[in-house]
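Engineer: This is the structure I want to talk about, given as structure tokens.
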Amino acid sequence: MTDCRGARIVRAEVREAPVDVAELAAAVEDRAAGAVVTFDGRVRDHDAGRGVEGIAYSAHPSAGEVVARIAAEAAARPGLRALAVVHRYGELGVGQTALAVAVSADHRGPAFEAVHDIVEEIKRRLPVWKRQFFDDGSAEWSNIA
């Protein structure tokens with residue numbers, strides 16, 4: 001059984017340095033866990049029919065606190081053992097990881113559910129904006145309120 005204090009939060013941060021999803025998965029390992037589920041959100045080479053060359057992410061100074069709150073909310077769920085959440089900022093090329101999540105849990109259902117919900121909350125609440133650079137030389141901001 002999971003400790004009544006909740007799951008361990010191994011990492012909850014916004015950073016410029018690259019992130020390795022396999023490293024996060026290893027960091028959340030737990031002998032009592034029956035599942036480790038990960039999410040690797042990468043920069044793709046297209047958006048809405050246009051070719052993408054890369055993305056520049058800008059983060060509000062409070063972004064790290066928001067990630068920490070989202071992680072703490074998820075960690076309080078029953079059956080989870082450990083979790084890690086990292087969102088990058090700065091310039092990323094196609095194929096690079098922008099958002100990584102790893103969760104270990106007693107069973108696969110809660111692990112999948114937690115990863116899904118963490119990703120959705122990050123997309124909904126994190127004050128991060130992206131500027132996409134297209135292969136035609138143009139650029140466009142998105143996630144701007």
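Chain labels run A, B, ... following the order of the structure tokens; each chain numbers its residues from 1, and ligands are numbered from 1 in the order shown.
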List the neighbours of Ala82 in chain A out to 6 Å using only C-alpha atoms; skip same-chain residues closer than 4 positions along the sequence, and give me the result as JSON, numbers by chain.
Structural biologist: {"A": [7, 8, 9, 28, 103, 104]}
Engineer: Name the residues of range 106-142 of chain A that fall into strand (DSSP E or B) according to DSSP on the backbone, using the chain letters and numbers of this document, as a PyMOL selection string.
Structural biologist: chain A and resi 128-134+139-142
Engineer: For the residues selected in the previous step, produce a file with N, CA and C atoms as a short mmCIF file (atom, residue, chain, number, x, y, z; two decimals), in the first residue's frame.
Structural biologist:
data_model
loop_
_atom_site.label_atom_id
_atom_site.label_comp_id
_atom_site.auth_asym_id
_atom_site.auth_seq_id
_atom_site.Cartn_x
_atom_site.Cartn_y
_atom_site.Cartn_z
N VAL A 128 3.06 28.92 -19.89
CA VAL A 128 4.13 28.74 -20.87
C VAL A 128 3.54 29.05 -22.23
N TRP A 129 4.29 29.80 -23.02
CA TRP A 129 3.83 30.17 -24.36
C TRP A 129 4.83 29.68 -25.38
N LYS A 130 4.33 29.35 -26.56
CA LYS A 130 5.25 28.85 -27.57
C LYS A 130 5.17 29.68 -28.84
N ARG A 131 6.33 29.83 -29.45
CA ARG A 131 6.44 30.48 -30.74
C ARG A 131 6.97 29.43 -31.70
N GLN A 132 6.12 29.08 -32.67
CA GLN A 132 6.51 28.08 -33.65
C GLN A 132 7.20 28.75 -34.84
N PHE A 133 8.24 28.10 -35.32
CA PHE A 133 8.96 28.57 -36.49
C PHE A 133 8.68 27.59 -37.62
N PHE A 134 8.12 28.13 -38.72
CA PHE A 134 7.69 27.30 -39.83
C PHE A 134 8.75 27.23 -40.92
N ALA A 139 6.79 32.79 -38.42
CA ALA A 139 6.70 32.35 -37.03
C ALA A 139 5.35 32.78 -36.48
N GLU A 140 4.88 32.05 -35.48
CA GLU A 140 3.57 32.34 -34.91
C GLU A 140 3.54 31.97 -33.44
N TRP A 141 2.99 32.87 -32.61
CA TRP A 141 2.80 32.59 -31.20
C TRP A 141 1.52 31.81 -31.01
N SER A 142 1.50 30.92 -30.02
CA SER A 142 0.27 30.25 -29.64
C SER A 142 0.25 30.11 -28.12
#
Engineer: Residues at most 9 Å from Ala25 in chain A, counting only C-alpha atoms, excluding those fewer than 5 positions away in the same chain, as a list of chain:residue names?
Structural biologist: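 After dropping sequence-adjacent residues, the list is A:Asp20, A:Val36, A:Val37, A:Thr38, A:Leu83, A:Ala84, A:Val101, A:Ala102, A:Val103, A:Ser104.
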Engineer: For Glu53 in chain A, which of A:Val86, A:Val14, A:Ile70, A:Val94 is the closest residue, counting only C-alpha atoms?
Structural biologist: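 Once distances to Glu53 in chain A are computed over only C-alpha atoms, the minimum belongs to A:Val94.
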Engineer: Going by DSSP on the backbone, which bits of range 1-129 of chain A are helix (DSSP H, G or I)? Write them as number ranges by chain, please.
Structural biologist: A: 21-27, 63-75, 108-125
Engineer: Considering only C-alpha atoms, state which residue in the set A:Asp135, A:Val66, A:Tyr57, A:Asp40 is at the smallest distance from Val115 in chain A.
Structural biologist: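 Nearest to Val115 in chain A: A:Asp40.
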Engineer: What is the distance, in Å and to one decimal place, between CA of Ile55 in chain A and CA of Val43 in chain A?
Structural biologist: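 For CA of Ile55 in chain A relative to CA of Val43 in chain A, the distance reads 7.2 Å.
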Engineer: Hey, what's within 6 Å of Ala35 in chain A if we count only C-alpha atoms and toss same-chain stuff fewer than 2 positions away? As a ChimeraX atom specification, please?
Structural biologist: /A:33,104-105,107-108
Engineer: From the list A:Val67, A:Ala27, A:Ala12, A:Ala76, which residue is nearest Glu121 in chain A when using only C-alpha atoms?
Structural biologist: A:Val67
Engineer: Hey, can you check how far CA of Ala98 in chain A sits from CA of Ala17 in chain A?
Structural biologist: 10.3 Å
Engineer: In Å, rounded to a single decimal, give me how far CA of Ser138 in chain A is from CA of Gly93 in chain A.
Structural biologist: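 Those two atoms sit 15.5 Å apart.
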Engineer: Compile the contact shell of range 89-92 of chain A as a PyMOL selection string: residues with an atom at most 6 Å away, counting only C-alpha atoms, same-chain residues fewer than 4 positions apart removed.
Structural biologist: chain A and resi 15-16+54-58
